[in-house]
file final-v4.txt (compact mmCIF, C-alpha atoms)
# COMPACT_ATOMS: atom_id res chain seq x y z
CA ASN A 28 0.00 0.00 0.00
CA ILE A 29 1.66 3.20 -1.21
CA GLN A 30 0.01 5.22 1.56
CA SER A 31 1.56 3.18 4.37
CA ARG A 32 4.19 4.84 6.56
CA ASN A 33 6.09 1.55 6.73
CA VAL A 34 7.99 1.92 3.48
CA LYS A 35 11.64 1.61 2.65
CA LYS A 36 13.99 4.40 3.69
CA GLN A 37 14.21 6.05 0.27
CA MET A 38 11.39 5.98 -2.25
CA ILE A 39 10.74 7.74 -5.55
CA LEU A 40 7.16 8.89 -6.03
CA LYS A 41 5.93 9.70 -9.53
CA GLY A 42 3.53 12.61 -9.48
CA GLN A 43 1.31 14.85 -11.58
CA LEU A 44 0.46 18.41 -10.50
CA HIS A 45 -1.73 19.71 -13.34
CA THR A 46 -4.88 17.96 -14.58
CA HIS A 47 -8.37 18.90 -15.72
CA THR A 48 -11.55 16.89 -15.47
CA SER A 49 -15.16 17.04 -16.60
CA MET A 50 -15.71 19.32 -13.61
CA SER A 51 -14.39 22.12 -15.88
CA ASP A 52 -13.10 21.70 -19.45
CA GLY A 53 -11.66 18.18 -19.29
CA LYS A 54 -13.08 15.10 -20.99
CA LEU A 55 -12.64 12.56 -18.17
CA THR A 56 -14.36 12.41 -14.81
CA PRO A 57 -12.16 12.79 -11.71
CA GLN A 58 -12.41 9.04 -11.14
CA GLU A 59 -11.37 8.31 -14.74
CA VAL A 60 -8.40 10.69 -14.43
CA ALA A 61 -7.26 8.94 -11.26
CA ASN A 62 -7.67 5.54 -12.91
CA GLU A 63 -5.57 6.61 -15.90
CA TYR A 64 -2.70 7.96 -13.84
CA SER A 65 -2.77 4.87 -11.64
CA ARG A 66 -2.52 2.75 -14.79
CA LEU A 67 0.50 4.81 -15.87
CA GLY A 68 2.32 4.05 -12.62
CA PHE A 69 1.85 7.36 -10.81
CA HIS A 70 1.79 7.63 -7.03
CA PHE A 71 0.17 11.04 -6.53
CA LEU A 72 -2.12 13.33 -8.47
CA ALA A 73 -3.49 16.86 -8.15
CA PHE A 74 -6.83 17.90 -9.61
CA THR A 75 -6.56 21.53 -10.80
CA ASP A 76 -9.72 22.47 -12.64
CA HIS A 77 -10.30 26.07 -13.76
CA ASP A 78 -11.72 28.43 -11.14
CA HIS A 79 -14.00 30.19 -13.63
CA LEU A 80 -15.38 26.98 -15.17
CA VAL A 81 -15.55 24.62 -12.21
CA ARG A 82 -18.89 23.08 -11.29
CA PRO A 83 -20.32 23.63 -7.79
CA SER A 84 -19.92 19.92 -6.97
CA TYR A 85 -16.18 19.91 -7.83
CA TRP A 86 -14.81 19.57 -4.31
CA ASP A 87 -17.36 16.90 -3.39
CA GLU A 88 -16.53 14.90 -6.51
CA ILE A 89 -12.82 14.93 -5.65
CA GLN A 90 -13.61 13.51 -2.22
CA LYS A 91 -15.56 10.67 -3.86
CA VAL A 92 -12.57 9.46 -5.90
CA ARG A 93 -11.36 6.01 -4.86
CA SER A 94 -7.74 5.34 -5.73
CA ASN A 95 -4.46 3.98 -4.44
CA LEU A 96 -2.94 7.38 -5.36
CA PHE A 97 -2.36 10.27 -3.01
CA ILE A 98 -5.04 12.69 -4.24
CA PHE A 99 -4.54 16.45 -3.86
CA SER A 100 -7.28 19.04 -4.13
CA GLY A 101 -6.30 22.02 -6.25
CA ILE A 102 -7.61 24.81 -8.43
CA GLU A 103 -6.22 26.67 -11.43
CA LEU A 104 -6.58 30.32 -10.53
CA THR A 105 -7.13 33.03 -13.12
CA VAL A 106 -4.87 35.89 -12.07
CA HIS A 107 -5.26 39.29 -13.72
CA CYS A 108 -2.12 41.31 -14.36
CA SER A 109 -0.81 44.08 -16.61
CA LYS A 110 -0.41 41.60 -19.48
CA GLY A 111 -4.04 40.44 -19.22
CA TYR A 112 -4.34 37.24 -17.20
CA VAL A 113 -2.28 34.17 -16.37
CA HIS A 114 -2.96 30.89 -14.59
CA VAL A 115 -1.59 29.76 -11.23
CA ASN A 116 -2.20 26.36 -9.68
CA LYS A 117 -2.98 26.34 -5.98
CA ILE A 118 -2.58 22.82 -4.56
CA GLU A 119 -3.31 22.08 -0.92
CA ALA A 120 -2.63 19.43 1.69
CA ARG A 121 -3.65 19.72 5.34
CA ASP A 122 -0.95 22.26 6.22
CA GLU A 123 1.17 22.72 3.10
CA ILE A 124 0.19 24.73 0.01
CA ILE A 125 2.11 25.11 -3.25
CA HIS A 126 1.53 27.78 -5.91
CA ILE A 127 2.78 27.11 -9.44
CA PHE A 128 2.87 29.65 -12.29
CA ASN A 129 1.42 27.64 -15.18
CA HIS A 130 2.53 27.17 -18.80
CA PRO A 131 4.29 30.51 -19.46
CA ALA A 132 4.53 29.62 -23.15
CA ASP A 133 0.78 30.31 -23.39
CA CYS A 134 1.27 33.91 -22.29
CA ASP A 135 2.71 34.93 -25.69
CA LEU A 136 5.46 36.97 -23.98
CA THR A 137 9.20 37.16 -24.42
CA VAL A 138 11.29 35.53 -21.72
CA ARG A 139 12.13 38.97 -20.30
CA GLU A 140 8.43 39.91 -20.24
CA THR A 141 7.63 36.58 -18.62
CA ILE A 142 10.11 37.25 -15.82
CA GLY A 143 8.41 40.60 -15.17
CA CYS A 144 4.97 38.97 -15.27
CA VAL A 145 5.93 36.27 -12.76
CA LYS A 146 7.33 38.96 -10.46
CA GLU A 147 4.07 40.90 -10.69
CA VAL A 148 1.95 37.82 -9.97
CA ALA A 149 4.22 36.91 -7.03
CA GLU A 150 3.05 40.10 -5.33
CA LYS A 151 -0.45 38.57 -5.18
CA TYR A 152 0.37 34.90 -4.60
CA PRO A 153 3.45 33.28 -3.02
CA ILE A 154 4.77 31.61 -6.19
CA ASP A 155 6.85 28.52 -5.38
CA ALA A 156 7.53 27.20 -8.87
CA ILE A 157 7.00 27.74 -12.59
CA GLU A 158 6.04 25.16 -15.17
CA ILE A 159 8.59 24.41 -17.87
CA THR A 160 6.09 22.50 -19.98
CA ASN A 161 3.19 23.31 -22.27
CA HIS A 162 0.60 20.51 -22.27
CA GLY A 163 3.37 18.22 -21.04
CA PHE A 164 5.96 19.18 -23.69
CA TYR A 165 9.26 20.69 -22.57
CA THR A 166 9.70 24.45 -23.07
CA PRO A 167 13.42 24.98 -22.41
CA GLN A 168 13.31 28.76 -22.88
CA PHE A 169 11.78 29.00 -19.39
CA ASP A 170 14.15 26.50 -17.79
CA ILE A 171 16.74 29.18 -17.03
CA LEU A 172 18.51 30.62 -13.99
CA GLU A 173 17.09 34.06 -14.68
CA ILE A 174 13.70 32.77 -13.50
CA PRO A 175 14.50 32.22 -9.80
CA TYR A 176 11.88 29.62 -8.99
CA LEU A 177 11.70 25.85 -8.85
CA LYS A 178 10.86 24.36 -12.24
CA ILE A 179 8.00 21.88 -12.61
CA ALA A 180 7.09 19.47 -15.42
CA ALA A 181 3.37 18.76 -15.68
CA ASP A 182 0.76 17.53 -18.15
CA ASP A 183 -2.04 20.10 -18.03
CA SER A 184 -4.04 17.12 -19.26
CA HIS A 185 -7.59 17.50 -20.57
CA ASN A 186 -8.08 14.02 -22.02
CA ARG A 187 -6.58 10.53 -21.94
CA MET A 188 -4.02 11.31 -24.66
CA GLY A 189 -2.65 14.19 -22.61
CA CYS A 190 -1.80 12.04 -19.59
CA GLY A 191 1.78 11.06 -18.83
CA ARG A 192 3.80 13.48 -20.99
CA GLY A 193 5.49 15.51 -18.25
CA TRP A 194 5.77 14.69 -14.56
CA ILE A 195 7.95 14.90 -11.46
CA GLU A 196 9.60 12.16 -9.41
CA VAL A 197 9.98 13.07 -5.75
CA GLU A 198 12.64 11.64 -3.44
CA MET A 199 10.80 10.68 -0.25
CA GLY A 200 11.86 9.23 3.07
CA ASN A 201 9.74 6.86 5.15
CA ASP A 202 7.21 9.46 6.34
CA ILE A 203 4.94 9.85 3.32
CA THR A 204 1.88 12.04 3.70
CA HIS A 205 0.21 14.68 1.56
CA ASP A 206 2.01 17.37 3.56
CA THR A 207 5.47 15.77 3.33
CA ILE A 208 5.08 15.30 -0.42
CA LEU A 209 4.37 19.01 -0.96
CA LYS A 210 7.06 20.02 1.53
CA THR A 211 9.63 17.86 -0.27
CA ILE A 212 8.67 19.34 -3.65
CA LYS A 213 9.04 22.85 -2.25
CA SER A 214 12.53 21.90 -1.03
CA GLY A 215 13.53 20.95 -4.59
CA LYS A 216 14.12 17.25 -3.99
CA TYR A 217 12.65 15.93 -7.20
CA ARG A 218 13.34 15.24 -10.87
CA ASN A 219 11.48 16.66 -13.84
CA CYS A 220 10.67 14.01 -16.42
CA PHE A 221 9.41 14.18 -19.98
CA THR A 222 8.69 11.70 -22.73
CA GLY A 223 11.23 11.38 -25.54
CA LYS A 224 14.01 13.58 -24.12
CA LYS A 225 17.58 13.05 -23.00
CA SER A 226 18.96 13.62 -19.51
CA GLN A 227 20.41 16.91 -18.37
CA LYS A 228 21.05 18.81 -15.14
CA ASN A 229 19.88 22.24 -14.17
CA ASN A 230 20.92 24.42 -11.24
CA ILE A 231 18.13 26.50 -9.76
CA THR A 232 17.64 28.79 -6.81
CA GLY A 233 17.11 26.65 -3.73
CA GLY A 234 18.86 23.52 -4.94
CA THR A 235 19.81 21.33 -7.87
CA GLN A 236 17.42 19.22 -9.87
CA ASP A 237 18.55 16.19 -11.79
CA LEU A 238 16.26 16.34 -14.79
CA ARG A 239 15.83 12.76 -15.93
CA PHE A 240 13.96 12.54 -19.20
CA SER A 241 12.48 9.19 -20.12

call {"tool": "encode", "arguments": {"input": "final-v4.txt", "output": "structure tokens"}}
result
Amino acid sequence: NIQSRNVKKQMILKGQLHTHTSMSDGKLTPQEVANEYSRLGFHFLAFTDHDHLVRPSYWDEIQKVRSNLFIFSGIELTVHCSKGYVHVNKIEARDEIIHIFNHPADCDLTVRETIGCVKEVAEKYPIDAIEITNHGFYTPQFDILEIPYLKIAADDSHNRMGCGRGWIEVEMGNDITHDTILKTIKSGKYRNCFTGKKSQKNNITGGTQDLRFS
């Protein structure tokens, strides 16, 4: 049982921090999304449906999901800024919260403009990380030291085909809970992984990530 505390001293958890379901603009129900990621060998999953599209029963439907995965409740926030609006994922455990600036490639900004935009948004929300993927595909122009945040690979999946393109693998000890997973991610102890790419390393503020592409 992946949720047991009695696990080996060091364990790698495969996780997804950006998904959409039929509760907003996704094609699969929350249960179907959980089933698909379980089939793909994931250990934890965050539901992050759009705040402006989400159905009133969203939070209740997440609680109804039955899975061997660690399930996180999240929301994709629409944040207005001088460039229009951007999206930020807010993912919660009991005590820990992580905020991720989503898919900067969708903002249609230069890298310099993106840096300014992230700085502006960080005045409203405590940004912890920035995605370096667009619908799961690697966007290396944002995987740079000049953006002083942790970098996150994620799917932003809306259907079955979009599942499993970009993910993280978190290095956990023997105390595995929702809170310790988010805390470990925020400490930078994880790998970014993508389909069809080669391995490389990237130094970032707050630590070093070994980006293992598979």

call {"tool": "closest_atom_pairs", "arguments": {"input": "final-v4.txt", "of": "segment 154-210 of chain A", "to": "segment 87-111 of chain A", "cutoff": "10 Å", "atoms": "only C-alpha atoms", "output": "Markdown table"}}
result
| residue | atom | partner | partner_atom | distance |
| --- | --- | --- | --- | --- |
| A:Ile203 | CA | A:Phe97 | CA | 9.7 |
| A:Thr204 | CA | A:Phe97 | CA | 8.1 |
| A:His205 | CA | A:Phe97 | CA | 6.9 |
| A:Asp206 | CA | A:Phe99 | CA | 9.9 |
| A:Ile208 | CA | A:Phe97 | CA | 9.3 |
| A:Leu209 | CA | A:Phe99 | CA | 9.7 |

call {"tool": "atom_distance", "arguments": {"input": "final-v4.txt", "atom1": "atom CA of Cys220 of chain A", "atom2": "atom CA of Tyr152 of chain A"}}
result
26.1 Å

call {"tool": "closest_residue", "arguments": {"input": "final-v4.txt", "among": "A:Ile118, A:Tyr176, A:His162, A:Ile124", "to": "Ile142 of chain A", "atoms": "only C-alpha atoms"}}
result
A:Tyr176

call {"tool": "residues_around", "arguments": {"input": "final-v4.txt", "residues": "Asp182 of chain A", "least_positions_apart": "5", "cutoff": "12 Å", "atoms": "only C-alpha atoms", "output": "PyMOL selection string"}}
result
chain A and resi 42-47+64+72-75+129-130+158-165+187-195+219-222

call {"tool": "residues_around", "arguments": {"input": "final-v4.txt", "residues": "Asp52 of chain A", "least_positions_apart": "4", "cutoff": "10 Å", "atoms": "only C-alpha atoms", "output": "list of chain:residue names"}}
result
A:His47, A:Thr48, A:Asp76, A:His77, A:Leu80, A:Val81, A:His185, A:Asn186

call {"tool": "closest_residue", "arguments": {"input": "final-v4.txt", "among": "A:Ala120, A:Glu63, A:Leu40, A:Ile174", "to": "Cys144 of chain A", "atoms": "all atoms listed in the file"}}
result
A:Ile174

call {"tool": "atom_distance", "arguments": {"input": "final-v4.txt", "atom1": "atom CA of Thr166 of chain A", "atom2": "atom CA of Glu198 of chain A"}}
result
23.6 Å

call {"tool": "residues_around", "arguments": {"input": "final-v4.txt", "residues": "Lys216 of chain A", "least_positions_apart": "3", "cutoff": "7 Å", "atoms": "all atoms listed in the file", "output": "PyMOL selection string"}}
result
chain A and resi 197-198+211-212

call {"tool": "residues_near_point", "arguments": {"input": "final-v4.txt", "point": "(14.4, 34.7, -7.8)", "cutoff": "12 Å", "atoms": "only C-alpha atoms", "output": "VMD selection string"}}
result
chain A and resid 142 to 143 145 to 146 149 154 to 157 171 to 178 231 to 233

call {"tool": "atom_distance", "arguments": {"input": "final-v4.txt", "atom1": "atom CA of Phe128 of chain A", "atom2": "atom CA of Gly200 of chain A"}}
result
27.1 Å

call {"tool": "closest_residue", "arguments": {"input": "final-v4.txt", "among": "A:Leu67, A:Leu55, A:Glu119, A:Arg82", "to": "Thr207 of chain A", "atoms": "only C-alpha atoms"}}
result
A:Glu119

call {"tool": "closest_residue", "arguments": {"input": "final-v4.txt", "among": "A:Pro167, A:Pro153, A:Pro57, A:Gly215", "to": "Tyr85 of chain A", "atoms": "all atoms listed in the file"}}
result
A:Pro57

call {"tool": "closest_residue", "arguments": {"input": "final-v4.txt", "among": "A:His114, A:Val60, A:Gln168, A:Lys151", "to": "Arg139 of chain A", "atoms": "all atoms listed in the file"}}
result
A:Gln168

call {"tool": "closest_residue", "arguments": {"input": "final-v4.txt", "among": "A:Ala181, A:Cys134, A:Phe71, A:Met50", "to": "Tyr112 of chain A", "atoms": "only C-alpha atoms"}}
result
A:Cys134
